[in-house]
Each structure stands twice: as C-alpha cells, then as structure tokens.
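Participant: Sharing protein.pdb (PDB, C-alpha atoms) below.
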ATOM      1  CA  MET A   1      79.271 113.668 109.077
ATOM      2  CA  SER A   2      82.426 111.776 109.945
ATOM      3  CA  ARG A   3      85.056 113.616 111.906
ATOM      4  CA  GLN A   4      88.522 113.494 110.457
ATOM      5  CA  ARG A   5      91.340 112.381 112.691
ATOM      6  CA  SER A   6      94.073 114.914 113.308
ATOM      7  CA  MET A   7      97.291 114.549 111.327
ATOM      8  CA  GLU A   8      99.034 113.873 114.645
ATOM      9  CA  LYS A   9      96.761 110.873 115.301
ATOM     10  CA  ILE A  10      97.127 109.648 111.716
ATOM     11  CA  LEU A  11     100.918 109.808 111.919
ATOM     12  CA  ALA A  12     100.831 107.843 115.190
ATOM     13  CA  SER A  13      98.564 105.132 113.753
ATOM     14  CA  GLU A  14      99.734 101.772 112.541
ATOM     15  CA  PHE A  15      96.794 101.646 110.117
ATOM     16  CA  VAL A  16      95.151 104.416 108.094
ATOM     17  CA  SER A  17      92.119 104.723 105.839
ATOM     18  CA  ILE A  18      92.380 105.440 102.122
ATOM     19  CA  GLY A  19      91.257 109.024 102.791
ATOM     20  CA  GLU A  20      94.035 109.443 105.343
ATOM     21  CA  LEU A  21      96.510 107.981 102.867
ATOM     22  CA  VAL A  22      95.375 110.647 100.377
ATOM     23  CA  ARG A  23      96.118 113.320 102.989
ATOM     24  CA  LEU A  24      99.503 111.811 103.875
ATOM     25  CA  THR A  25     100.794 111.348 100.334
ATOM     26  CA  GLY A  26      98.976 113.945  98.231
ATOM     27  CA  SER A  27      97.959 111.125  95.887
ATOM     28  CA  ARG A  28      94.505 111.114  94.318
ATOM     29  CA  TYR A  29      91.823 108.896  95.852
ATOM     30  CA  SER A  30      91.150 107.284  92.463
ATOM     31  CA  THR A  31      94.864 106.515  92.036
ATOM     32  CA  LEU A  32      95.070 104.835  95.441
ATOM     33  CA  LYS A  33      91.911 102.864  94.746
ATOM     34  CA  PHE A  34      93.373 101.698  91.412
ATOM     35  CA  TYR A  35      96.681 100.645  93.008
ATOM     36  CA  THR A  36      94.734  98.784  95.713
ATOM     37  CA  GLU A  37      92.593  96.949  93.170
ATOM     38  CA  GLU A  38      95.722  96.067  91.166
ATOM     39  CA  GLY A  39      97.267  94.499  94.279
ATOM     40  CA  MET A  40     100.021  97.093  94.481
ATOM     41  CA  LEU A  41      99.083  98.488  97.910
ATOM     42  CA  PRO A  42      98.862  96.304 101.007
ATOM     43  CA  PHE A  43      95.705  96.493 103.109
ATOM     44  CA  VAL A  44      93.699  94.545 105.644
ATOM     45  CA  GLN A  45      89.944  94.137 105.508
ATOM     46  CA  GLU A  46      88.360  92.152 108.311
ATOM     47  CA  HIS A  47      85.012  91.556 106.632
ATOM     48  CA  GLU A  48      83.797  92.222 103.106
ATOM     49  CA  ASN A  49      81.796  95.316 104.023
ATOM     50  CA  LEU A  50      84.358  96.860 106.357
ATOM     51  CA  THR A  51      86.683  99.660 105.411
ATOM     52  CA  ARG A  52      90.055  98.669 104.079
ATOM     53  CA  ARG A  53      92.846  99.736 106.376
ATOM     54  CA  PHE A  54      96.354 100.316 105.112
ATOM     55  CA  PRO A  55      99.553  99.725 107.115
ATOM     56  CA  ARG A  56     100.730 103.362 107.116
ATOM     57  CA  VAL A  57     104.515 102.949 106.898
ATOM     58  CA  GLU A  58     104.439 100.125 104.347
ATOM     59  CA  ALA A  59     101.770 101.768 102.178
ATOM     60  CA  ILE A  60     103.650 105.084 102.016
ATOM     61  CA  ALA A  61     106.869 103.239 101.139
ATOM     62  CA  LYS A  62     105.056 101.340  98.341
ATOM     63  CA  LEU A  63     103.533 104.569  96.985
ATOM     64  CA  ASN A  64     106.965 106.211  96.929
ATOM     65  CA  GLU A  65     108.349 103.170  95.099
ATOM     66  CA  ILE A  66     105.513 103.305  92.536
ATOM     67  CA  LYS A  67     106.050 107.057  91.982
ATOM     68  CA  GLU A  68     109.774 106.521  91.491
ATOM     69  CA  LEU A  69     109.269 103.683  88.993
ATOM     70  CA  LYS A  70     106.681 105.732  87.081
ATOM     71  CA  GLN A  71     109.188 108.593  86.846
ATOM     72  CA  GLN A  72     111.657 106.111  85.350
ATOM     73  CA  GLY A  73     109.092 105.489  82.620
ATOM     74  CA  LEU A  74     107.824 102.067  83.709
ATOM     75  CA  SER A  75     104.249 101.089  82.904
ATOM     76  CA  ILE A  76     101.812  99.809  85.536
ATOM     77  CA  PRO A  77     102.266  96.155  84.395
ATOM     78  CA  GLU A  78     106.068  96.612  84.589
ATOM     79  CA  ILE A  79     105.802  98.171  88.047
ATOM     80  CA  LYS A  80     103.543  95.348  89.224
ATOM     81  CA  ALA A  81     106.046  92.778  87.931
ATOM     82  CA  ARG A  82     108.933  94.583  89.621
ATOM     83  CA  MET A  83     107.004  94.769  92.922
ATOM     84  CA  GLY A  84     105.809  91.187  92.716
ATOM     85  CA  ALA A  85     102.166  92.275  92.781
TER      86      ALA A  85
END
Translate this file's structure into structure tokens.
Facilitator:
Amino acid sequence: MSRQRSMEKILASEFVSIGELVRLTGSRYSTLKFYTEEGMLPFVQEHENLTRRFPRVEAIAKLNEIKELKQQGLSIPEIKARMGA
C-alpha cells in the first residue's frame, strides 16, 4: 500500500503525481490522463516505465485554462489549438 503525501507536502512540491493533481484540482483521473495524452498538460518522465511527474504550478494553471475555455464552449481540438498543444 502506498502512503499518500500530506496536502502540505504536495503544496510545497515542485512536482506532483497525477493522483496528487486529482486531489489538488478535483478533476477526474481519466480527464487528467486524457489531457496528458493529448499533450495539453506538461509533465516529465525520466524513463519510459517511471511515473509521470507534473510541474504543480504550471499544471494547475493549464487545467484552469482548459476549464475556462471549455466553459466558453470550445471543443478539445479548439482548446489544443489555442494552447499550442
């Protein structure tokens, strides 16, 4: 069983896991995975089999931008074009 980091530690981290990003943003895991695969969320992955790590501040800002554009009625392809993904 993996122990979850405290919210305090997560908020102090430069990088977070996808699960921690779920906790921080209230977004669904599947949604974050989709955005990652579509190139809409920045991440680093040192080796193929290692966990993707997301730059916390930048990833949250991108998610907020995506949410805002979706509320304006933009489609995923339109959002990707607007974000340069």
Participant: For the structure provided, state which residues fall under the PyMOL selection byres ((chain A and resi 60) around 12), and present them as a ChimeraX atom specification.
Facilitator: /A:11,14-16,18,20-27,32,40-43,54-59,61-67
Participant: So, counting only C-alpha atoms, which residue among A:Tyr35, A:Gly19, A:Lys9, A:Arg53 is closest to Ile76 (chain A)?
Facilitator: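 Closest to Ile76 (chain A) of all the choices is A:Tyr35.
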Participant: Between A:Ser17, A:Gln71, A:Met7, A:Arg52, single out the one closest to Glu37 (chain A), counting only C-alpha atoms.
Facilitator: A:Arg52
Participant: Measure the distance from CA of Arg5 (chain A) to CA of Thr51 (chain A) in Å and round it to one decimal.
Facilitator: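 Here the two named atoms are 15.4 Å from each other.
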Participant: Between CA of Lys70 (chain A) and CA of Ser13 (chain A), measure the distance and give it in Å to one decimal.
Facilitator: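 Distance between the two atoms: 27.9 Å.
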Participant: What's the separation between CA of Ser30 (chain A) and CA of Ser75 (chain A), in Å to one decimal place?
Facilitator: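 CA of Ser75 (chain A) lies 17.4 Å from CA of Ser30 (chain A).
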Participant: If you keep N, CA and C atoms, can you output region 10-44 of chain A as a PDB file, in the first residue's frame?
Facilitator:
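Below you can see selection37.pdb, which holds the result:
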ATOM      1  N   ILE A  10       2.404  18.133  -0.591  1.00  0.00           N
ATOM      2  CA  ILE A  10       2.051  18.268  -2.014  1.00  0.00           C
ATOM      3  C   ILE A  10       2.136  19.736  -2.432  1.00  0.00           C
ATOM      4  N   LEU A  11       1.570  20.602  -1.613  1.00  0.00           N
ATOM      5  CA  LEU A  11       1.543  22.032  -1.939  1.00  0.00           C
ATOM      6  C   LEU A  11       2.934  22.661  -1.911  1.00  0.00           C
ATOM      7  N   ALA A  12       3.879  22.012  -1.227  1.00  0.00           N
ATOM      8  CA  ALA A  12       5.248  22.522  -1.162  1.00  0.00           C
ATOM      9  C   ALA A  12       6.122  21.936  -2.273  1.00  0.00           C
ATOM     10  N   SER A  13       5.578  20.956  -3.003  1.00  0.00           N
ATOM     11  CA  SER A  13       6.369  20.254  -4.017  1.00  0.00           C
ATOM     12  C   SER A  13       6.377  20.981  -5.345  1.00  0.00           C
ATOM     13  N   GLU A  14       7.515  20.913  -6.007  1.00  0.00           N
ATOM     14  CA  GLU A  14       7.596  21.456  -7.361  1.00  0.00           C
ATOM     15  C   GLU A  14       6.868  20.531  -8.331  1.00  0.00           C
ATOM     16  N   PHE A  15       6.989  19.213  -8.083  1.00  0.00           N
ATOM     17  CA  PHE A  15       6.353  18.224  -8.956  1.00  0.00           C
ATOM     18  C   PHE A  15       5.368  17.368  -8.174  1.00  0.00           C
ATOM     19  N   VAL A  16       4.278  16.993  -8.840  1.00  0.00           N
ATOM     20  CA  VAL A  16       3.256  16.146  -8.214  1.00  0.00           C
ATOM     21  C   VAL A  16       2.899  14.994  -9.146  1.00  0.00           C
ATOM     22  N   SER A  17       2.322  13.955  -8.569  1.00  0.00           N
ATOM     23  CA  SER A  17       1.857  12.818  -9.371  1.00  0.00           C
ATOM     24  C   SER A  17       0.466  13.136  -9.923  1.00  0.00           C
ATOM     25  N   ILE A  18       0.000  12.304 -10.826  1.00  0.00           N
ATOM     26  CA  ILE A  18      -1.352  12.518 -11.375  1.00  0.00           C
ATOM     27  C   ILE A  18      -2.403  12.383 -10.274  1.00  0.00           C
ATOM     28  N   GLY A  19      -2.190  11.449  -9.357  1.00  0.00           N
ATOM     29  CA  GLY A  19      -3.130  11.273  -8.238  1.00  0.00           C
ATOM     30  C   GLY A  19      -3.181  12.507  -7.356  1.00  0.00           C
ATOM     31  N   GLU A  20      -2.020  13.123  -7.143  1.00  0.00           N
ATOM     32  CA  GLU A  20      -1.970  14.345  -6.334  1.00  0.00           C
ATOM     33  C   GLU A  20      -2.615  15.507  -7.075  1.00  0.00           C
ATOM     34  N   LEU A  21      -2.480  15.514  -8.386  1.00  0.00           N
ATOM     35  CA  LEU A  21      -3.127  16.541  -9.202  1.00  0.00           C
ATOM     36  C   LEU A  21      -4.653  16.402  -9.119  1.00  0.00           C
ATOM     37  N   VAL A  22      -5.129  15.162  -9.071  1.00  0.00           N
ATOM     38  CA  VAL A  22      -6.564  14.908  -8.878  1.00  0.00           C
ATOM     39  C   VAL A  22      -7.012  15.541  -7.560  1.00  0.00           C
ATOM     40  N   ARG A  23      -6.247  15.296  -6.501  1.00  0.00           N
ATOM     41  CA  ARG A  23      -6.592  15.834  -5.181  1.00  0.00           C
ATOM     42  C   ARG A  23      -6.552  17.364  -5.169  1.00  0.00           C
ATOM     43  N   LEU A  24      -5.576  17.941  -5.852  1.00  0.00           N
ATOM     44  CA  LEU A  24      -5.419  19.397  -5.851  1.00  0.00           C
ATOM     45  C   LEU A  24      -6.503  20.111  -6.645  1.00  0.00           C
ATOM     46  N   THR A  25      -6.955  19.504  -7.730  1.00  0.00           N
ATOM     47  CA  THR A  25      -7.851  20.214  -8.651  1.00  0.00           C
ATOM     48  C   THR A  25      -9.292  19.715  -8.635  1.00  0.00           C
ATOM     49  N   GLY A  26      -9.521  18.532  -8.058  1.00  0.00           N
ATOM     50  CA  GLY A  26     -10.865  17.963  -8.082  1.00  0.00           C
ATOM     51  C   GLY A  26     -11.236  17.419  -9.448  1.00  0.00           C
ATOM     52  N   SER A  27     -10.260  17.368 -10.357  1.00  0.00           N
ATOM     53  CA  SER A  27     -10.505  16.812 -11.692  1.00  0.00           C
ATOM     54  C   SER A  27     -10.504  15.287 -11.601  1.00  0.00           C
ATOM     55  N   ARG A  28     -11.127  14.641 -12.572  1.00  0.00           N
ATOM     56  CA  ARG A  28     -11.133  13.182 -12.598  1.00  0.00           C
ATOM     57  C   ARG A  28      -9.809  12.663 -13.142  1.00  0.00           C
ATOM     58  N   TYR A  29      -9.380  11.518 -12.617  1.00  0.00           N
ATOM     59  CA  TYR A  29      -8.139  10.883 -13.059  1.00  0.00           C
ATOM     60  C   TYR A  29      -8.166  10.663 -14.569  1.00  0.00           C
ATOM     61  N   SER A  30      -9.291  10.147 -15.065  1.00  0.00           N
ATOM     62  CA  SER A  30      -9.401   9.852 -16.506  1.00  0.00           C
ATOM     63  C   SER A  30      -9.280  11.124 -17.344  1.00  0.00           C
ATOM     64  N   THR A  31      -9.810  12.223 -16.839  1.00  0.00           N
ATOM     65  CA  THR A  31      -9.725  13.513 -17.537  1.00  0.00           C
ATOM     66  C   THR A  31      -8.271  13.965 -17.617  1.00  0.00           C
ATOM     67  N   LEU A  32      -7.561  13.875 -16.500  1.00  0.00           N
ATOM     68  CA  LEU A  32      -6.158  14.293 -16.473  1.00  0.00           C
ATOM     69  C   LEU A  32      -5.309  13.412 -17.381  1.00  0.00           C
ATOM     70  N   LYS A  33      -5.610  12.129 -17.387  1.00  0.00           N
ATOM     71  CA  LYS A  33      -4.873  11.199 -18.240  1.00  0.00           C
ATOM     72  C   LYS A  33      -5.109  11.557 -19.718  1.00  0.00           C
ATOM     73  N   PHE A  34      -6.355  11.866 -20.062  1.00  0.00           N
ATOM     74  CA  PHE A  34      -6.704  12.258 -21.424  1.00  0.00           C
ATOM     75  C   PHE A  34      -5.946  13.531 -21.823  1.00  0.00           C
ATOM     76  N   TYR A  35      -6.001  14.557 -20.971  1.00  0.00           N
ATOM     77  CA  TYR A  35      -5.315  15.813 -21.274  1.00  0.00           C
ATOM     78  C   TYR A  35      -3.814  15.585 -21.447  1.00  0.00           C
ATOM     79  N   THR A  36      -3.251  14.692 -20.623  1.00  0.00           N
ATOM     80  CA  THR A  36      -1.822  14.380 -20.715  1.00  0.00           C
ATOM     81  C   THR A  36      -1.513  13.731 -22.056  1.00  0.00           C
ATOM     82  N   GLU A  37      -2.329  12.747 -22.418  1.00  0.00           N
ATOM     83  CA  GLU A  37      -2.110  12.029 -23.683  1.00  0.00           C
ATOM     84  C   GLU A  37      -2.313  12.937 -24.893  1.00  0.00           C
ATOM     85  N   GLU A  38      -3.169  13.949 -24.744  1.00  0.00           N
ATOM     86  CA  GLU A  38      -3.413  14.901 -25.837  1.00  0.00           C
ATOM     87  C   GLU A  38      -2.351  15.996 -25.892  1.00  0.00           C
ATOM     88  N   GLY A  39      -1.394  15.959 -24.966  1.00  0.00           N
ATOM     89  CA  GLY A  39      -0.326  16.957 -24.953  1.00  0.00           C
ATOM     90  C   GLY A  39      -0.735  18.293 -24.363  1.00  0.00           C
ATOM     91  N   MET A  40      -1.815  18.287 -23.597  1.00  0.00           N
ATOM     92  CA  MET A  40      -2.331  19.543 -23.043  1.00  0.00           C
ATOM     93  C   MET A  40      -1.782  19.836 -21.649  1.00  0.00           C
ATOM     94  N   LEU A  41      -1.224  18.817 -20.987  1.00  0.00           N
ATOM     95  CA  LEU A  41      -0.662  19.000 -19.651  1.00  0.00           C
ATOM     96  C   LEU A  41       0.823  18.684 -19.683  1.00  0.00           C
ATOM     97  N   PRO A  42       1.638  19.576 -19.152  1.00  0.00           N
ATOM     98  CA  PRO A  42       3.085  19.348 -19.147  1.00  0.00           C
ATOM     99  C   PRO A  42       3.466  18.311 -18.099  1.00  0.00           C
ATOM    100  N   PHE A  43       4.427  17.463 -18.419  1.00  0.00           N
ATOM    101  CA  PHE A  43       4.931  16.505 -17.433  1.00  0.00           C
ATOM    102  C   PHE A  43       6.365  16.135 -17.774  1.00  0.00           C
ATOM    103  N   VAL A  44       7.039  15.552 -16.808  1.00  0.00           N
ATOM    104  CA  VAL A  44       8.368  14.995 -17.051  1.00  0.00           C
ATOM    105  C   VAL A  44       8.307  13.517 -16.715  1.00  0.00           C
TER     106      VAL A  44
END
